[in-house]
Every structure is written in structure tokens, then in C-alpha cells.
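Q: Contents of my_file-v3.cif (mmCIF, C-alpha atoms) are below:
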data_query
loop_
_atom_site.label_atom_id
_atom_site.label_comp_id
_atom_site.auth_asym_id
_atom_site.auth_seq_id
_atom_site.Cartn_x
_atom_site.Cartn_y
_atom_site.Cartn_z
CA MET A 26 -21.43 -20.81 -7.71
CA THR A 27 -19.90 -17.33 -7.99
CA ALA A 28 -22.32 -14.42 -7.72
CA PRO A 29 -22.74 -12.43 -10.97
CA ARG A 30 -21.37 -9.25 -9.33
CA ASN A 31 -18.35 -11.00 -7.84
CA ARG A 32 -15.30 -9.38 -9.48
CA THR A 33 -12.61 -11.09 -7.39
CA ILE A 34 -9.47 -11.71 -9.42
CA THR A 35 -8.88 -15.41 -10.02
CA LEU A 36 -6.48 -17.53 -12.06
CA THR A 37 -7.11 -20.25 -14.62
CA PRO A 38 -4.54 -23.05 -15.11
CA ALA A 39 -3.70 -21.60 -18.52
CA GLU A 40 -3.08 -18.15 -17.02
CA GLU A 41 -0.85 -19.62 -14.33
CA THR A 42 1.35 -21.26 -16.95
CA VAL A 43 1.79 -18.02 -18.89
CA LEU A 44 2.18 -15.72 -15.89
CA GLU A 45 4.76 -17.90 -14.14
CA LYS A 46 7.15 -17.30 -17.04
CA LYS A 47 7.19 -13.60 -16.13
CA LEU A 48 8.44 -14.21 -12.58
CA ILE A 49 12.06 -13.76 -11.53
CA ARG A 50 13.13 -16.58 -9.20
CA THR A 51 15.81 -15.79 -6.64
CA ASP A 52 18.17 -18.26 -8.34
CA MET A 53 17.85 -16.12 -11.49
CA LEU A 54 19.04 -12.93 -9.74
CA GLU A 55 22.44 -11.54 -10.62
CA LYS A 56 24.16 -10.07 -7.55
CA GLY A 57 24.13 -6.28 -7.59
CA ARG A 58 21.68 -6.00 -10.46
CA LEU A 59 18.09 -4.80 -10.05
CA PRO A 60 15.32 -6.49 -12.09
CA GLU A 61 13.28 -3.32 -12.54
CA ASP A 62 9.51 -3.60 -13.10
CA SER A 63 9.60 -7.23 -12.04
CA ILE A 64 8.31 -9.58 -9.39
CA ILE A 65 10.81 -11.73 -7.52
CA TRP A 66 9.45 -15.11 -6.43
CA GLY A 67 11.29 -16.50 -3.44
CA ASP A 68 12.75 -15.86 0.00
CA MET A 69 13.08 -12.18 0.88
CA ALA A 70 16.25 -12.55 2.94
CA HIS A 71 18.02 -14.29 0.07
CA ALA A 72 16.80 -11.74 -2.46
CA LEU A 73 17.94 -8.82 -0.30
CA GLN A 74 21.48 -10.21 -0.27
CA LEU A 75 21.54 -10.10 -4.07
CA LEU A 76 19.82 -6.79 -4.78
CA PRO A 77 21.93 -3.60 -4.91
CA ASP A 78 21.84 -1.10 -2.05
CA GLU A 79 20.17 2.32 -2.31
CA PHE A 80 18.01 1.60 -5.37
CA ALA A 81 14.52 2.45 -4.01
CA ASP A 82 12.99 5.92 -3.86
CA LEU A 83 10.11 4.56 -1.78
CA ILE A 84 9.66 1.36 0.21
CA ILE A 85 6.24 0.16 1.36
CA LEU A 86 6.27 -2.62 3.95
CA ASP A 87 3.25 -4.70 4.90
CA PRO A 88 4.76 -7.59 6.87
CA PRO A 89 2.72 -10.16 8.80
CA TYR A 90 1.22 -8.56 11.89
CA ASN A 91 1.81 -10.19 15.27
CA LEU A 92 -1.13 -12.54 14.79
CA ASN A 93 -1.74 -16.15 13.89
CA LYS A 94 -2.48 -15.95 10.18
CA GLN A 95 -2.39 -18.27 7.18
CA PHE A 96 -0.90 -16.86 3.97
CA GLY A 97 -1.34 -19.46 1.24
CA THR A 98 0.91 -22.36 2.22
CA THR A 99 2.69 -20.33 4.91
CA ARG A 100 1.46 -19.73 8.45
CA PHE A 101 2.73 -16.88 10.63
CA LYS A 102 2.59 -17.62 14.35
CA ALA A 103 2.01 -14.83 16.85
CA LEU A 104 5.01 -13.95 18.99
CA GLY A 105 5.41 -12.12 22.28
CA GLY A 106 6.24 -8.42 22.10
CA ASN A 107 9.99 -9.01 22.36
CA GLY A 108 9.79 -11.89 19.92
CA TYR A 109 8.03 -9.75 17.33
CA LEU A 110 10.59 -6.98 17.80
CA GLN A 111 13.36 -9.51 17.18
CA TYR A 112 11.51 -10.63 14.04
CA LEU A 113 11.38 -7.04 12.76
CA ASN A 114 15.04 -6.43 13.57
CA SER A 115 16.03 -9.59 11.69
CA TRP A 116 15.17 -8.04 8.32
CA LEU A 117 14.38 -4.31 8.67
CA PRO A 118 18.01 -3.02 8.59
CA ALA A 119 18.67 -5.01 5.39
CA VAL A 120 15.52 -3.56 3.79
CA CYS A 121 16.48 -0.01 4.78
CA ARG A 122 19.84 -0.40 3.07
CA LYS A 123 17.90 -0.59 -0.22
CA LEU A 124 16.52 2.92 0.33
CA LYS A 125 18.12 5.87 -1.45
CA PRO A 126 19.60 8.65 0.76
CA ALA A 127 16.55 10.86 0.09
CA GLY A 128 14.09 7.96 0.17
CA SER A 129 11.01 7.34 2.31
CA LEU A 130 9.59 4.21 3.92
CA TYR A 131 6.12 3.27 5.17
CA LEU A 132 5.61 0.37 7.59
CA CYS A 133 2.13 -1.07 8.20
CA GLY A 134 0.80 -2.64 11.39
CA ASP A 135 -2.06 -2.84 13.86
CA TRP A 136 -2.42 -1.76 17.48
CA LYS A 137 -0.96 -4.99 18.82
CA CYS A 138 2.39 -4.50 17.11
CA THR A 139 2.63 -0.76 16.57
CA ALA A 140 4.90 -0.21 19.58
CA GLN A 141 7.38 -2.74 18.20
CA LEU A 142 7.17 -1.10 14.76
CA GLN A 143 8.10 2.27 16.24
CA THR A 144 10.99 0.82 18.25
CA ALA A 145 12.41 -1.08 15.29
CA LEU A 146 12.13 1.92 12.95
CA GLU A 147 13.78 4.29 15.42
CA GLY A 148 16.88 2.11 15.28
CA VAL A 149 17.44 2.60 11.54
CA LEU A 150 15.51 5.64 10.21
CA HIS A 151 14.04 8.99 11.25
CA ILE A 152 10.34 8.69 12.06
CA MET A 153 8.27 11.54 10.63
CA ASN A 154 4.70 10.58 11.51
CA ARG A 155 2.20 7.83 12.22
CA ILE A 156 -0.84 7.50 9.97
CA THR A 157 -3.95 5.83 11.36
CA TRP A 158 -6.54 4.63 8.88
CA GLN A 159 -10.05 3.35 9.44
CA ARG A 160 -10.33 -0.27 8.39
CA GLU A 161 -14.10 -0.53 8.52
CA LYS A 162 -14.91 -4.19 8.01
CA GLY A 163 -16.55 -6.99 9.96
CA ARG A 164 -19.51 -7.20 12.32
CA GLY A 165 -17.74 -6.24 15.52
CA ALA A 166 -16.85 -7.85 18.83
CA THR A 167 -19.17 -9.04 21.58
CA ASN A 168 -16.87 -8.56 24.59
CA ASN A 169 -14.47 -5.84 23.42
CA TRP A 170 -14.30 -2.77 21.21
CA LYS A 171 -14.38 -3.57 17.52
CA ASN A 172 -10.90 -3.26 16.03
CA CYS A 173 -11.21 -1.09 12.92
CA MET A 174 -7.99 0.96 12.92
CA GLU A 175 -4.52 0.25 11.55
CA ASP A 176 -1.30 2.24 11.59
CA ILE A 177 1.28 3.14 8.97
CA TRP A 178 4.60 4.51 10.25
CA PHE A 179 6.29 7.07 7.99
CA ALA A 180 10.10 7.29 8.16
CA VAL A 181 12.95 8.70 6.07
CA LYS A 182 16.71 8.31 5.82
CA ASP A 183 17.43 12.04 5.93
CA PRO A 184 14.82 14.48 7.30
CA LYS A 185 16.56 17.33 5.46
CA GLN A 186 16.19 15.99 1.91
CA TYR A 187 13.22 13.63 1.60
CA TYR A 188 10.46 14.23 -0.99
CA PHE A 189 6.85 14.92 0.02
CA ASN A 190 4.06 16.21 -2.25
CA ALA A 191 1.13 17.40 -0.15
CA GLU A 192 -0.70 18.77 -3.20
CA ALA A 193 -0.89 15.30 -4.75
CA VAL A 194 -2.89 13.82 -1.88
CA LYS A 195 -5.57 16.41 -1.22
CA GLN A 196 -9.03 15.12 -0.41
CA LYS A 197 -12.28 16.38 -1.92
CA LYS A 198 -14.84 16.70 0.85
CA ARG A 199 -18.51 17.54 0.68
CA VAL A 200 -19.28 20.90 2.31
CA ILE A 201 -21.76 20.59 5.16
CA ALA A 202 -21.87 24.29 6.05
CA PRO A 203 -21.49 26.28 2.77
CA TYR A 204 -20.43 29.66 4.12
CA THR A 205 -20.36 32.58 1.65
CA ASP A 206 -19.14 36.16 1.68
CA ASN A 207 -21.33 39.24 1.35
CA ASN A 208 -21.55 38.67 -2.42
CA ASN A 209 -22.71 35.07 -1.99
CA ARG A 210 -19.34 33.72 -3.16
CA PRO A 211 -18.13 30.47 -1.59
CA LYS A 212 -15.53 30.74 1.15
CA ASP A 213 -12.82 28.12 0.49
CA TRP A 214 -15.17 25.77 -1.41
CA ALA A 215 -16.72 25.43 -4.87
CA ARG A 216 -20.16 24.81 -6.31
CA THR A 217 -20.24 21.92 -8.81
CA PRO A 218 -22.99 20.00 -10.65
CA ASP A 219 -22.37 17.16 -8.18
CA GLY A 220 -22.67 19.33 -5.07
CA ASN A 221 -20.59 21.64 -2.93
CA PHE A 222 -17.01 20.52 -2.26
CA ARG A 223 -13.74 21.79 -0.87
CA LEU A 224 -10.20 20.47 -1.24
CA THR A 225 -8.46 19.81 2.05
CA GLY A 226 -4.93 18.83 2.91
CA ALA A 227 -4.31 15.25 3.98
CA SER A 228 -3.94 14.60 7.70
CA ASN A 229 -2.52 11.55 9.46
CA PHE A 230 -6.02 10.15 10.07
CA TRP A 231 -7.73 8.57 7.05
CA ASP A 232 -11.43 7.72 7.20
CA ASP A 233 -12.06 7.51 3.45
CA ILE A 234 -10.66 4.01 2.75
CA SER A 235 -12.79 1.07 1.60
CA VAL A 236 -11.32 -2.36 2.28
CA PRO A 237 -11.45 -4.54 -0.88
CA PHE A 238 -14.47 -6.84 -1.04
CA TRP A 239 -15.92 -9.28 -3.56
CA SER A 240 -17.62 -6.75 -5.88
CA MET A 241 -14.51 -4.59 -6.30
CA PRO A 242 -12.29 -5.32 -9.33
CA GLU A 243 -9.11 -5.07 -7.23
CA ASN A 244 -10.20 -7.80 -4.81
CA THR A 245 -8.25 -11.06 -4.42
CA GLU A 246 -8.36 -13.98 -2.01
CA HIS A 247 -5.34 -12.66 -0.09
CA PRO A 248 -6.37 -12.49 3.60
CA THR A 249 -4.80 -9.08 4.38
CA GLN A 250 -4.93 -7.24 1.06
CA LYS A 251 -4.42 -3.47 1.30
CA PRO A 252 -6.73 -1.15 -0.69
CA GLU A 253 -5.33 0.45 -3.84
CA LYS A 254 -6.56 3.85 -2.66
CA LEU A 255 -4.51 3.59 0.53
CA ILE A 256 -1.31 2.65 -1.31
CA ALA A 257 -1.93 5.35 -3.94
CA LYS A 258 -1.79 8.01 -1.22
CA LEU A 259 1.62 6.78 -0.06
CA ILE A 260 3.01 6.60 -3.58
CA LEU A 261 1.72 10.00 -4.69
CA ALA A 262 2.91 11.74 -1.52
CA SER A 263 6.40 10.23 -1.38
CA SER A 264 7.51 9.57 -4.95
CA LYS A 265 7.62 11.22 -8.36
CA GLU A 266 6.73 9.75 -11.73
CA GLY A 267 9.59 7.53 -12.86
CA ASP A 268 10.72 6.80 -9.29
CA LEU A 269 11.10 3.21 -8.12
CA VAL A 270 8.79 1.72 -5.48
CA PHE A 271 9.94 -1.41 -3.64
CA ASP A 272 7.69 -3.85 -1.75
CA PRO A 273 9.50 -6.78 -0.08
CA PHE A 274 6.23 -8.26 1.31
CA MET A 275 4.30 -7.94 -1.93
CA GLY A 276 1.35 -10.26 -1.27
CA SER A 277 -1.16 -10.13 -4.13
CA GLY A 278 0.51 -7.10 -5.69
CA THR A 279 -1.40 -3.98 -4.63
CA THR A 280 1.74 -1.85 -4.36
CA VAL A 281 3.25 -2.89 -7.70
CA ALA A 282 -0.09 -2.56 -9.52
CA VAL A 283 -0.70 0.93 -8.14
CA ALA A 284 2.88 1.96 -8.85
CA LYS A 285 2.40 0.97 -12.48
CA LYS A 286 -0.93 2.79 -12.72
CA LEU A 287 0.71 5.96 -11.39
CA GLY A 288 3.72 5.87 -13.70
CA ARG A 289 6.31 4.59 -11.23
CA HIS A 290 8.80 1.76 -11.64
CA PHE A 291 8.49 -1.11 -9.18
CA CYS A 292 10.02 -4.23 -7.70
CA GLY A 293 8.26 -6.71 -5.44
CA ILE A 294 9.25 -9.84 -3.53
CA GLU A 295 6.82 -12.61 -2.58
CA MET A 296 7.39 -16.21 -1.52
CA GLU A 297 3.92 -17.56 -2.33
CA ARG A 298 3.55 -18.59 -5.97
CA THR A 299 -0.21 -17.93 -6.18
CA TYR A 300 0.17 -14.38 -4.88
CA CYS A 301 2.98 -13.73 -7.37
CA LEU A 302 0.73 -14.87 -10.20
CA LEU A 303 -2.17 -12.72 -8.98
CA ALA A 304 0.19 -9.75 -8.91
CA GLU A 305 1.31 -10.45 -12.47
CA LYS A 306 -2.31 -10.58 -13.60
CA ARG A 307 -3.00 -7.25 -11.89
CA LEU A 308 0.00 -5.75 -13.69
CA LEU A 309 -1.42 -6.92 -17.01
CA GLN A 310 -4.79 -5.41 -16.15
CA ALA A 311 -3.05 -2.11 -15.33
CA ASP A 312 -1.94 -1.89 -18.97
CA THR A 313 -5.51 -1.07 -19.97
CA ASP A 314 -7.15 0.06 -16.72
CA THR A 315 -5.40 2.68 -14.60
CA THR A 316 -8.40 3.59 -12.45
CA ILE A 317 -8.06 3.59 -8.67
CA GLN A 318 -11.24 3.39 -6.60
CA GLY A 319 -11.85 6.70 -4.83
CA PHE A 320 -9.24 8.66 -6.84
CA ARG A 321 -10.59 10.84 -9.64
CA ASP A 322 -9.48 14.06 -11.35
CA GLY A 323 -6.24 14.14 -9.37
CA VAL A 324 -7.90 14.14 -5.93
CA PHE A 325 -9.11 11.62 -3.39
CA TRP A 326 -12.85 11.56 -2.77
CA GLU A 327 -14.58 10.78 0.50
CA ARG A 328 -15.85 7.24 0.92
CA ASN A 329 -19.28 6.72 -0.65
CA THR A 330 -19.23 10.18 -2.27
CA LEU A 331 -21.29 10.33 -5.49
CA HIS A 332 -19.62 12.12 -8.36
CA LYS A 333 -19.33 12.07 -12.12
CA LYS A 334 -16.32 10.49 -13.77
#
So that I can check it, write out the structure of this file as C-alpha cells.
A:
Amino acid sequence: MTAPRNRTITLTPAEETVLEKKLIRTDMLEKGRLPEDSIIWGDMAHALQLLPDEFADLIILDPPYNLNKQFGTTRFKALGGNGYLQYLNSWLPAVCRKLKPAGSLYLCGDWKCTAQLQTALEGVLHIMNRITWQREKGRGATNNWKNCMEDIWFAVKDPKQYYFNAEAVKQKKRVIAPYTDNNNRPKDWARTPDGNFRLTGASNFWDDISVPFWSMPENTEHPTQKPEKLIAKLILASSKEGDLVFDPFMGSGTTVAVAKKLGRHFCGIEMERTYCLLAEKRLLQADTDTTIQGFRDGVFWERNTLHKK
């Protein structure tokens, strides 16, 4: 029996029937034409051959990591380092051709595959940075250090013309040492009814992310779902309202749902039917609920920070 506070997104048979009609199958694609604000259900390699080049302002990639992992009816088998690099090179150049000349791309991975991610990216784009975020989940290891970090590689087509909005991704942090001037005025911070806070620029280390769990309304049964807050930072930093965000490894739809909530157009590709349907349900929910956990009043709040809406 499901716990009363369990808010995990699920599907009824009736919902599946209705939501499947919204999907674009690869055999429905017209070569050279982009189905904007749509989810493509089918093989990514086939879909990439049919989609036009240079249509995406921002691409967010969350491919299978180099691990043994079950994704619905599909199982990814871990490869050696060279084998995983070959896997990346088999599709990454085709994905990058979908990026506009001034576009940006983010590629997710963990410590086991991050070297291969860097090597593959260096062959097709200009690497700008590597973000490391704290994935605090699980009880820990007994004979090794607990793995609670993941990487996101940031790359662009042209380092002279890409878009980046640092103001859009500032973090609101609680002030531990509230220094004041001689007139008792705050130095680079503000007093509020909720406490003392300062806005700080975003760095390439993020420790304010909560991994989706059963009591969060964004949670699904997808085994490697990314948090909406994490994806929101990428979208706000590297795209403008009305831009198009592309996710070829869509999973349960975090990227497309967040893109919609933030006023961006989107396109996603996913081969698993259930994940496509979950993504469609999240898009419907975004019509009436645009909230993103940890993002309020145009800023990102620290994890577990109490504040008024």
C-alpha cells in the first residue's frame, strides 16, 4: 500500500491511452522538420537522421553512465573505458550537429566515465567548465568512500558567441557571520523576516541539490532521474525565454518539464514508452504548476533553507 505522503508520479491505464496519442513516433517524423514542444518516442539514432541540423539553443545530455543499469525494458551493460568512449563517439557528433552556432551543451556523468566524457567532447566542441554536484543519497559504502558526486561537462560550439546568464542562477545563502559597517548596515547581505541572507554567484560546485524521493511531487520510478532544480540551473544559465532545449536521452522528462515551466520550447527523445508517458504527464502538470523545488523569487535557495513563499 502506498504511503499517504508518497507523491511519486504514476500512470493509470486510462492515462496511458490518452497520453500515448500525444507522442511522436519516429515513423511519423518528416525529414528536416522539427516537431517543436513534442516528445519523440523511438530510437535516437534514427530520429537524429530525420531532425534538422542547428535547431537547438541548448542541449542537455544524460546518457547511461558506464554502469550495469536497467532502464525499463532496456539494460545498459558496463563497458571498458575504451568501449565507453566508442559508445559516446557513436552518437555525440550527430547530436552536436543539432546545436546552433551560438548554442551550449551539458553532458552528465559520474567519476567512472568523466574522463571519457571529456575526451569525447573535446573532439567536437569547446569545453568551458566542469560542474560537480553533490548527489547526497544512500547509506554509504562499507569498504570504500561513499560515491555522492556527479559531473556535468559544459561545452559550446563557439566560445566567442555563446549565451550565459550568471544573474539568473545566483544562490541565496544564509549569512553565518553578519558583518556590518560602522552604522550597523549589512555588508553585502540583507536582513529579512526569514533571516539574514546574501546572494552569491554560482560556482562549478553545487551542494544545494536534493535528489528526487518519494515525497517530492517531481519523483518518478526512473532509476536515474535528475532533479528539476539541477536542470533549471542549466536552462536558466544557458538559454533565454523562447529558446529551444533539446534532450536526446529524455528519460522521465525532467528537462522538457522544466523547460516548459521556464518558458522555453523543447524537444525530447526517449525509447521507453513508459518514460515517454510519464514525461507527457509532467508536461500536463506544468500547465498549472510551474514551481521548482528550491527555486523561489528568481533565486536558488540552499538545501533545507526555511523561507516564505
Q: Check which residues satisfy the PyMOL selection byres ((chain A and resi 99-110) around 8) in the file shown, then give them as a PyMOL selection string.
A: chain A and resi 89+91-98+111-114+138+141-142+144-145+297
Q: What's the 8 Å shell around Asp314 of chain A, counting only C-alpha atoms, without same-chain residues fewer than 3 positions away, as a list of chain:residue names?
A: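 Once the adjacent positions are removed, what remains is A:Lys286, A:Gln310, A:Ala311.
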Q: Leaving out Asn172 of chain A and any residue of its chain fewer than 4 positions from it, which residues lie within 10 Å of it when counting only C-alpha atoms, given as a JSON list (two decimals) with C-alpha atoms, in the frame of the given file?
A:
[["chain", "number", "residue", "atom", "x", "y", "z"],
["A", 135, "ASP", "CA", -2.06, -2.84, 13.86],
["A", 136, "TRP", "CA", -2.42, -1.76, 17.48],
["A", 159, "GLN", "CA", -10.05, 3.35, 9.44],
["A", 160, "ARG", "CA", -10.33, -0.27, 8.39],
["A", 161, "GLU", "CA", -14.10, -0.53, 8.52],
["A", 162, "LYS", "CA", -14.91, -4.19, 8.01],
["A", 163, "GLY", "CA", -16.55, -6.99, 9.96],
["A", 165, "GLY", "CA", -17.74, -6.24, 15.52],
["A", 166, "ALA", "CA", -16.85, -7.85, 18.83]]
Q: Determine, using all atoms listed in the file, which residues of segment 190-210 of chain A have any atom at most 12 Å from an atom of segment 224-243 of chain A, and tabulate each with its shortest atom pair and distance in Å to one decimal place, rows ordered by chain and then rising number, as a Markdown table.
A:
| residue | atom | partner | partner_atom | distance |
| --- | --- | --- | --- | --- |
| A:Asn190 | CA | A:Ala227 | CA | 10.5 |
| A:Ala191 | CA | A:Gly226 | CA | 6.9 |
| A:Glu192 | CA | A:Gly226 | CA | 7.4 |
| A:Ala193 | CA | A:Gly226 | CA | 9.4 |
| A:Val194 | CA | A:Ala227 | CA | 6.2 |
| A:Lys195 | CA | A:Gly226 | CA | 4.8 |
| A:Gln196 | CA | A:Thr225 | CA | 5.3 |
| A:Lys197 | CA | A:Leu224 | CA | 4.6 |
| A:Lys198 | CA | A:Leu224 | CA | 6.3 |
| A:Arg199 | CA | A:Leu224 | CA | 9.0 |
| A:Val200 | CA | A:Leu224 | CA | 9.8 |
Q: Expressed in Å to a single decimal, how great is the separation between atom CA of Ser277 of chain A and atom CA of Asp312 of chain A?
A: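 It comes out at 17.0 Å.
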Q: Using atom CA of Val120 of chain A and atom CA of Pro273 of chain A as the two end points, give the distance in Å to one decimal.
A: 7.8 Å
Q: Looking at all atoms listed in the file, which of A:Asp213, A:Glu305, A:Glu45, A:Glu266 is the one that sits closest to Gly293 of chain A?
A: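 Closest to Gly293 of chain A of all the choices is A:Glu305.
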Q: Please list, as an mmCIF file with C-alpha atoms, in the frame of the given file, the residues that have an atom at most 6 Å away from (7.0, 0.9, 4.6) in the coordinates of this file, counting all atoms listed in the file.
A:
data_model
loop_
_atom_site.group_PDB
_atom_site.id
_atom_site.type_symbol
_atom_site.label_atom_id
_atom_site.label_comp_id
_atom_site.auth_asym_id
_atom_site.auth_seq_id
_atom_site.Cartn_x
_atom_site.Cartn_y
_atom_site.Cartn_z
ATOM 1 C CA ILE A 84 9.660 1.360 0.210
ATOM 2 C CA ILE A 85 6.240 0.160 1.360
ATOM 3 C CA LEU A 86 6.270 -2.620 3.950
ATOM 4 C CA LEU A 130 9.590 4.210 3.920
ATOM 5 C CA TYR A 131 6.120 3.270 5.170
ATOM 6 C CA LEU A 132 5.610 0.370 7.590
#
Q: Please, what distance in Å, to one decimal, runs between atom CA of Lys306 of chain A and atom CA of Gly319 of chain A?
A: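 Answer for the atom CA of Lys306 of chain A to atom CA of Gly319 of chain A separation: 21.6 Å.
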Q: Could you list, as a list in words, every residue matched by the PyMOL selection byres ((chain A and resi 255-259) around 8) in this structure?
A: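 The output of the PyMOL selection byres ((chain A and resi 255-259) around 8) on this file is Tyr131, Val194, Ile234, Lys251, Pro252, Glu253, Lys254, Ile260, Leu261, Ala262, Ser263, Thr279, Thr280, Val283, Ala284, Leu287 and Ile317 of chain A.
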Q: Give the answer as one residue: which of A:Ile64, A:Met174, A:Ile34, A:Leu75 has the shortest atom-to-atom distance to Phe274 of chain A, using all atoms listed in the file?
A: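 Selected residue with least distance to Phe274 of chain A: A:Ile64.
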Q: List the residues selected by the PyMOL selection byres ((chain A and resi 51) around 6) in the file shown, writing them as a PyMOL selection string.
A: chain A and resi 50+52-54+67+72
Q: May I have the residues at most 12 Å from (-19.6, 20.4, 7.0) in the file's coordinates, counting only C-alpha atoms, as a PDB file with C-alpha atoms, in the coordinates of the input?
A:
ATOM      1  CA  LYS A 198     -14.840  16.700   0.850  1.00  0.00           C
ATOM      2  CA  ARG A 199     -18.510  17.540   0.680  1.00  0.00           C
ATOM      3  CA  VAL A 200     -19.280  20.900   2.310  1.00  0.00           C
ATOM      4  CA  ILE A 201     -21.760  20.590   5.160  1.00  0.00           C
ATOM      5  CA  ALA A 202     -21.870  24.290   6.050  1.00  0.00           C
ATOM      6  CA  PRO A 203     -21.490  26.280   2.770  1.00  0.00           C
ATOM      7  CA  TYR A 204     -20.430  29.660   4.120  1.00  0.00           C
ATOM      8  CA  TRP A 214     -15.170  25.770  -1.410  1.00  0.00           C
ATOM      9  CA  ASN A 221     -20.590  21.640  -2.930  1.00  0.00           C
ATOM     10  CA  PHE A 222     -17.010  20.520  -2.260  1.00  0.00           C
ATOM     11  CA  ARG A 223     -13.740  21.790  -0.870  1.00  0.00           C
TER      12      ARG A 223
END
Q: From the options A:Asp219, A:Asp268, A:Thr35, A:Gln74, which residue's atoms come nearest to Ala127 of chain A, counting all atoms listed in the file?
A: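 The answer is A:Asp268, which sits nearest to Ala127 of chain A.
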Q: Can you write out as CSV which residues of segment 65-174 of chain A fall within 9 Å of segment 182-186 of chain A, alongside each residue's closest atom pair and its distance in Å to one decimal, counting only C-alpha atoms and ordering rows by chain and ascending residue number?
A:
residue,atom,partner,partner_atom,distance
A:Cys121,CA,A:Lys182,CA,8.4
A:Leu124,CA,A:Lys182,CA,7.7
A:Lys125,CA,A:Lys182,CA,7.8
A:Pro126,CA,A:Lys182,CA,5.8
A:Ala127,CA,A:Gln186,CA,5.5
A:Gly128,CA,A:Lys182,CA,6.2
A:Ser129,CA,A:Lys182,CA,6.8
A:Leu130,CA,A:Lys182,CA,8.4
A:Val149,CA,A:Lys182,CA,8.1
A:Leu150,CA,A:Lys182,CA,5.3
A:His151,CA,A:Lys182,CA,6.1
A:Ile152,CA,A:Pro184,CA,8.7
A:Met153,CA,A:Pro184,CA,7.9
Q: Mind checking which residues fall within 8 Å of Ile177 of chain A, counting only C-alpha atoms, ignoring those fewer than 4 positions away in the same chain, and posting them as a PDB file with C-alpha atoms, in the coordinates of the input?
A:
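And here's part-v7.pdb as it stands now:
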ATOM      1  CA  TYR A 131       6.120   3.270   5.170  1.00  0.00           C
ATOM      2  CA  LEU A 132       5.610   0.370   7.590  1.00  0.00           C
ATOM      3  CA  CYS A 133       2.130  -1.070   8.200  1.00  0.00           C
ATOM      4  CA  GLY A 134       0.800  -2.640  11.390  1.00  0.00           C
ATOM      5  CA  ARG A 155       2.200   7.830  12.220  1.00  0.00           C
ATOM      6  CA  ILE A 156      -0.840   7.500   9.970  1.00  0.00           C
ATOM      7  CA  THR A 157      -3.950   5.830  11.360  1.00  0.00           C
ATOM      8  CA  TRP A 158      -6.540   4.630   8.880  1.00  0.00           C
TER       9      TRP A 158
END
Q: Here is a test: counting all atoms listed in the file, which residue of A:Pro118, A:Gly288, A:Gly148, A:Gly323 is nearest to Asp62 of chain A?
A: A:Gly288
Q: Starting from the block above, write segment 283-298 of chain A out to a file with C-alpha atoms, as a PDB file, in the first residue's frame, please.
A:
ATOM      1  CA  VAL A 283      11.500  22.275 -16.555  1.00  0.00           C
ATOM      2  CA  ALA A 284      11.914  23.875 -19.977  1.00  0.00           C
ATOM      3  CA  LYS A 285       8.152  24.320 -20.171  1.00  0.00           C
ATOM      4  CA  LYS A 286       7.962  25.724 -16.642  1.00  0.00           C
ATOM      5  CA  LEU A 287      10.637  28.287 -17.523  1.00  0.00           C
ATOM      6  CA  GLY A 288       9.084  29.424 -20.789  1.00  0.00           C
ATOM      7  CA  ARG A 289      11.362  27.566 -23.195  1.00  0.00           C
ATOM      8  CA  HIS A 290      10.441  25.396 -26.162  1.00  0.00           C
ATOM      9  CA  PHE A 291      11.584  21.790 -26.020  1.00  0.00           C
ATOM     10  CA  CYS A 292      12.087  18.522 -27.845  1.00  0.00           C
ATOM     11  CA  GLY A 293      12.904  15.181 -26.242  1.00  0.00           C
ATOM     12  CA  ILE A 294      13.700  11.680 -27.483  1.00  0.00           C
ATOM     13  CA  GLU A 295      13.097   8.519 -25.455  1.00  0.00           C
ATOM     14  CA  MET A 296      12.860   4.878 -26.479  1.00  0.00           C
ATOM     15  CA  GLU A 297      10.967   3.579 -23.435  1.00  0.00           C
ATOM     16  CA  ARG A 298       7.196   4.015 -23.748  1.00  0.00           C
TER      17      ARG A 298
END
